[in-house]
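This is upload-v1.pdb (PDB, C-alpha atoms, pLDDT in the B column).
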```pdb
ATOM      1  CA  MET Y   1     -15.887   3.739 -22.663  1.00 37.00           C
ATOM      2  CA  SER Y   2     -13.320   6.491 -22.333  1.00 34.00           C
ATOM      3  CA  GLU Y   3      -9.738   6.124 -23.549  1.00 38.00           C
ATOM      4  CA  ALA Y   4      -8.455   6.264 -19.952  1.00 38.00           C
ATOM      5  CA  ILE Y   5     -10.516   3.239 -18.972  1.00 38.00           C
ATOM      6  CA  ALA Y   6      -9.701   1.325 -22.156  1.00 42.00           C
ATOM      7  CA  THR Y   7      -5.967   1.565 -21.429  1.00 49.00           C
ATOM      8  CA  GLU Y   8      -6.080   1.089 -17.662  1.00 62.00           C
ATOM      9  CA  ALA Y   9      -3.076  -0.748 -16.287  1.00 75.00           C
ATOM     10  CA  VAL Y  10      -3.949  -4.318 -15.396  1.00 90.00           C
ATOM     11  CA  VAL Y  11      -0.467  -5.217 -14.176  1.00 95.00           C
ATOM     12  CA  SER Y  12       1.937  -2.853 -12.458  1.00 96.00           C
ATOM     13  CA  LEU Y  13       5.726  -2.934 -12.256  1.00 97.00           C
ATOM     14  CA  THR Y  14       7.754  -2.215  -9.136  1.00 97.00           C
ATOM     15  CA  GLU Y  15      10.630   0.221  -9.462  1.00 97.00           C
ATOM     16  CA  SER Y  16      13.042  -2.758  -9.434  1.00 96.00           C
ATOM     17  CA  ALA Y  17      11.160  -4.545 -12.263  1.00 96.00           C
ATOM     18  CA  ALA Y  18      11.013  -1.359 -14.333  1.00 97.00           C
ATOM     19  CA  ALA Y  19      14.764  -0.841 -13.852  1.00 96.00           C
ATOM     20  CA  GLN Y  20      15.381  -4.389 -15.123  1.00 95.00           C
ATOM     21  CA  VAL Y  21      13.148  -3.798 -18.165  1.00 96.00           C
ATOM     22  CA  ARG Y  22      15.089  -0.606 -18.943  1.00 96.00           C
ATOM     23  CA  ALA Y  23      18.392  -2.500 -18.529  1.00 95.00           C
ATOM     24  CA  ILE Y  24      17.231  -5.203 -20.954  1.00 95.00           C
ATOM     25  CA  HIS Y  25      16.216  -2.502 -23.440  1.00 96.00           C
ATOM     26  CA  ALA Y  26      19.699  -0.963 -23.154  1.00 96.00           C
ATOM     27  CA  ASN Y  27      21.522  -4.302 -23.568  1.00 95.00           C
ATOM     28  CA  GLN Y  28      19.307  -5.966 -26.175  1.00 96.00           C
ATOM     29  CA  PRO Y  29      18.716  -3.642 -29.144  1.00 94.00           C
ATOM     30  CA  GLU Y  30      16.155  -6.053 -30.653  1.00 96.00           C
ATOM     31  CA  ASN Y  31      13.901  -5.403 -27.629  1.00 95.00           C
ATOM     32  CA  ALA Y  32      14.524  -1.653 -27.276  1.00 93.00           C
ATOM     33  CA  GLY Y  33      11.290   0.293 -27.101  1.00 92.00           C
ATOM     34  CA  LYS Y  34       9.058  -2.787 -26.897  1.00 96.00           C
ATOM     35  CA  PRO Y  35       6.746  -3.071 -23.902  1.00 97.00           C
ATOM     36  CA  LEU Y  36       6.914  -6.050 -21.576  1.00 97.00           C
ATOM     37  CA  ARG Y  37       3.973  -8.339 -22.360  1.00 97.00           C
ATOM     38  CA  VAL Y  38       2.714 -10.283 -19.345  1.00 96.00           C
ATOM     39  CA  PHE Y  39       0.270 -13.085 -20.118  1.00 95.00           C
ATOM     40  CA  VAL Y  40      -1.107 -16.386 -18.908  1.00 91.00           C
ATOM     41  CA  GLU Y  41      -1.345 -19.644 -20.799  1.00 86.00           C
ATOM     42  CA  GLY Y  42      -2.400 -23.159 -19.986  1.00 79.00           C
ATOM     43  CA  GLY Y  43       0.212 -25.351 -18.349  1.00 71.00           C
ATOM     44  CA  GLY Y  44       2.416 -25.543 -15.316  1.00 61.00           C
ATOM     45  CA  CYS Y  45       1.774 -27.552 -12.151  1.00 63.00           C
ATOM     46  CA  SER Y  46      -1.375 -25.619 -11.206  1.00 60.00           C
ATOM     47  CA  GLY Y  47      -3.213 -25.266 -14.539  1.00 74.00           C
ATOM     48  CA  LEU Y  48      -2.138 -21.805 -15.698  1.00 80.00           C
ATOM     49  CA  GLN Y  49       1.338 -20.367 -16.010  1.00 85.00           C
ATOM     50  CA  TYR Y  50       2.781 -16.883 -16.294  1.00 87.00           C
ATOM     51  CA  SER Y  51       4.802 -15.817 -19.302  1.00 91.00           C
ATOM     52  CA  MET Y  52       6.593 -12.616 -20.253  1.00 94.00           C
ATOM     53  CA  VAL Y  53       8.061 -11.454 -23.532  1.00 96.00           C
ATOM     54  CA  PHE Y  54       9.009  -8.160 -25.149  1.00 96.00           C
ATOM     55  CA  ASP Y  55       6.419  -7.549 -27.856  1.00 96.00           C
ATOM     56  CA  GLU Y  56       4.692  -4.847 -29.868  1.00 95.00           C
ATOM     57  CA  LYS Y  57       1.516  -3.343 -28.412  1.00 94.00           C
ATOM     58  CA  ARG Y  58      -1.628  -4.702 -30.068  1.00 95.00           C
ATOM     59  CA  GLU Y  59      -4.869  -2.841 -30.664  1.00 95.00           C
ATOM     60  CA  ASP Y  60      -6.865  -4.522 -27.873  1.00 94.00           C
ATOM     61  CA  ASP Y  61      -4.069  -4.576 -25.258  1.00 95.00           C
ATOM     62  CA  LEU Y  62      -4.423  -2.904 -21.883  1.00 94.00           C
ATOM     63  CA  ALA Y  63      -1.285  -0.889 -21.189  1.00 94.00           C
ATOM     64  CA  GLY Y  64       0.472   0.942 -18.400  1.00 94.00           C
ATOM     65  CA  GLU Y  65       3.750   2.707 -17.772  1.00 95.00           C
ATOM     66  CA  PHE Y  66       5.711   2.525 -14.529  1.00 96.00           C
ATOM     67  CA  PHE Y  67       9.041   4.210 -13.766  1.00 96.00           C
ATOM     68  CA  GLY Y  68       9.735   4.641 -17.493  1.00 95.00           C
ATOM     69  CA  ALA Y  69       8.887   1.055 -18.520  1.00 96.00           C
ATOM     70  CA  SER Y  70       5.756  -0.028 -20.399  1.00 95.00           C
ATOM     71  CA  VAL Y  71       3.745  -3.180 -19.756  1.00 96.00           C
ATOM     72  CA  VAL Y  72       0.896  -4.621 -21.859  1.00 96.00           C
ATOM     73  CA  VAL Y  73      -1.663  -7.354 -21.176  1.00 96.00           C
ATOM     74  CA  ASP Y  74      -4.095  -8.958 -23.614  1.00 96.00           C
ATOM     75  CA  PRO Y  75      -7.815  -9.012 -22.677  1.00 95.00           C
ATOM     76  CA  PHE Y  76      -7.874 -12.784 -21.968  1.00 93.00           C
ATOM     77  CA  SER Y  77      -4.908 -12.603 -19.582  1.00 94.00           C
ATOM     78  CA  ALA Y  78      -6.336  -9.470 -17.942  1.00 94.00           C
ATOM     79  CA  ASN Y  79      -9.110 -11.638 -16.472  1.00 91.00           C
ATOM     80  CA  TYR Y  80      -6.480 -13.530 -14.467  1.00 90.00           C
ATOM     81  CA  LEU Y  81      -3.906 -10.790 -13.875  1.00 94.00           C
ATOM     82  CA  ARG Y  82      -5.940  -7.750 -12.794  1.00 93.00           C
ATOM     83  CA  GLY Y  83      -4.151  -6.151  -9.841  1.00 94.00           C
ATOM     84  CA  ALA Y  84      -0.983  -8.239 -10.198  1.00 94.00           C
ATOM     85  CA  ILE Y  85       2.412  -6.713  -9.455  1.00 95.00           C
ATOM     86  CA  VAL Y  86       5.583  -7.692 -11.301  1.00 95.00           C
ATOM     87  CA  ASP Y  87       8.725  -7.377  -9.182  1.00 95.00           C
ATOM     88  CA  TYR Y  88      12.368  -8.140  -9.888  1.00 94.00           C
ATOM     89  CA  ILE Y  89      14.413  -9.842  -7.187  1.00 91.00           C
ATOM     90  CA  GLU Y  90      18.162 -10.348  -7.306  1.00 88.00           C
ATOM     91  CA  SER Y  91      19.074 -13.562  -5.514  1.00 80.00           C
ATOM     92  CA  LEU Y  92      21.618 -16.337  -5.818  1.00 78.00           C
ATOM     93  CA  THR Y  93      18.794 -18.851  -5.344  1.00 74.00           C
ATOM     94  CA  GLY Y  94      16.044 -18.024  -7.786  1.00 70.00           C
ATOM     95  CA  GLY Y  95      16.273 -14.344  -8.619  1.00 78.00           C
ATOM     96  CA  GLY Y  96      14.380 -12.842 -11.526  1.00 89.00           C
ATOM     97  CA  PHE Y  97      10.925 -11.490 -12.258  1.00 91.00           C
ATOM     98  CA  LYS Y  98       8.283 -12.498  -9.708  1.00 90.00           C
ATOM     99  CA  ILE Y  99       4.536 -11.987 -10.130  1.00 90.00           C
ATOM    100  CA  HIS Y 100       2.390 -11.274  -7.083  1.00 89.00           C
ATOM    101  CA  ASN Y 101      -1.156 -12.060  -8.209  1.00 88.00           C
ATOM    102  CA  PRO Y 102      -4.138 -11.366  -5.902  1.00 88.00           C
ATOM    103  CA  ASN Y 103      -6.339 -13.550  -8.159  1.00 82.00           C
ATOM    104  CA  ALA Y 104      -4.343 -16.741  -7.671  1.00 79.00           C
ATOM    105  CA  ARG Y 105      -6.171 -19.115  -5.330  1.00 72.00           C
ATOM    106  CA  GLN Y 106      -3.178 -21.367  -5.201  1.00 57.00           C
ATOM    107  CA  SER Y 107       0.366 -21.125  -6.549  1.00 56.00           C
ATOM    108  CA  CYS Y 108       2.906 -23.862  -6.985  1.00 54.00           C
ATOM    109  CA  GLY Y 109       6.296 -23.854  -5.318  1.00 51.00           C
ATOM    110  CA  CYS Y 110       8.082 -22.644  -8.433  1.00 48.00           C
ATOM    111  CA  GLY Y 111       5.992 -19.449  -8.494  1.00 49.00           C
ATOM    112  CA  LYS Y 112       5.502 -19.680 -12.245  1.00 49.00           C
ATOM    113  CA  SER Y 113       2.078 -21.323 -12.296  1.00 45.00           C
ATOM    114  CA  PHE Y 114      -1.165 -20.800 -10.416  1.00 45.00           C
ATOM    115  CA  GLU Y 115      -4.793 -21.813 -10.068  1.00 47.00           C
ATOM    116  CA  ALA Y 116      -7.405 -19.105 -10.579  1.00 50.00           C
TER
END
```

Would you write the structure of this file as structure tokens?
Amino acid sequence: MSEAIATEAVVSLTESAAAQVRAIHANQPENAGKPLRVFVEGGGCSGLQYSMVFDEKREDDLAGEFFGASVVVDPFSANYLRGAIVDYIESLTGGGFKIHNPNARQSCGCGKSFEA
């Protein structure tokens, strides 16, 4: 397996999401330079839920960089997130990071959990 394939981006960031990641880096020194980790875990109304945290890159992570912001995904989560797009929406009624996942058979109304 070549290095390019081993580090292929599983999740991509829109320009808006990348701008928000860069803004968080600028305003929160403890997170500066850390990639955005996107992962799934059990829970939520539909069985699996999305989570995001700023974290160090781990050896087996799949990584990508978009508009100057890095994103990493662990191998387990990659099975559920491949092809997903993280966007950032500013809205008075529920703004924030939104994940558009082509692998989700069904999502709940809150948009934070899904069924694979």

Identify, on the basis of all atoms listed in the file, every residue whose closest approach to region 35-41 of chain Y does not exceed 9 Å; exclude the query and any residue fewer than 3 positions from it along the same chain; express the result as a PyMOL selection string.
chain Y and resi 11+21+31-32+44+47-57+63+65+69-74+76-78+80-81+86+113

Please tell me which residues are no farther than 10 Å from (12.3, -4.2, -8.9) in the file, counting only C-alpha atoms, and write them as JSON, numbers by chain.
{"Y": [13, 14, 15, 16, 17, 18, 19, 20, 21, 86, 87, 88, 89, 90, 96, 97, 98]}

Which residue, Y:Ile99, Y:Arg105, Y:Ala9, Y:Gly83, has the smallest gap to Gly64 (chain Y) when you use all atoms listed in the file?
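Of Y:Ile99, Y:Arg105, Y:Ala9, Y:Gly83, the one nearest Gly64 (chain Y) is Y:Ala9, counting all atoms listed in the file.
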
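Of the residues listed (Y:Gly95, Y:Ile24, Y:Pro102, Y:Ala84), Y:Ala84 shows the shortest atom-to-atom separation from Ser12 (chain Y); distances use all atoms listed in the file.
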
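Distance-wise, CA of Asn79 (chain Y) and CA of Phe67 (chain Y) end up 24.2 Å apart.
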
Considering only C-alpha atoms, state which residue in the set Y:Pro75, Y:Gly42, Y:Glu30, Y:Gly94 is at the smallest distance from Arg58 (chain Y).
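Among Y:Pro75, Y:Gly42, Y:Glu30, Y:Gly94, it is Y:Pro75 that comes nearest to Arg58 (chain Y).
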
At what distance in Å, to one decimal, does CA of Lys34 (chain Y) lie from CA of Asp60 (chain Y)?
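Computing the Euclidean distance for CA of Asp60 (chain Y) and CA of Lys34 (chain Y) yields 16.0 Å.
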
Using CA of Gly33 (chain Y) and CA of Arg82 (chain Y) as the two end points, give the distance in Å to one decimal.
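It comes out at 23.8 Å.
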
Enclose region 31-37 of chain Y, meaning all of its atoms listed in the file, in a box aligned along x, y and z, pad it by 6 Å on each side, and list the centre and edge lengths in Å to one decimal, as AutoDock Vina command-line options.
```
--center_x 9.2 --center_y -4.0 --center_z -24.6 --size_x 22.6 --size_y 20.6 --size_z 18.1
```
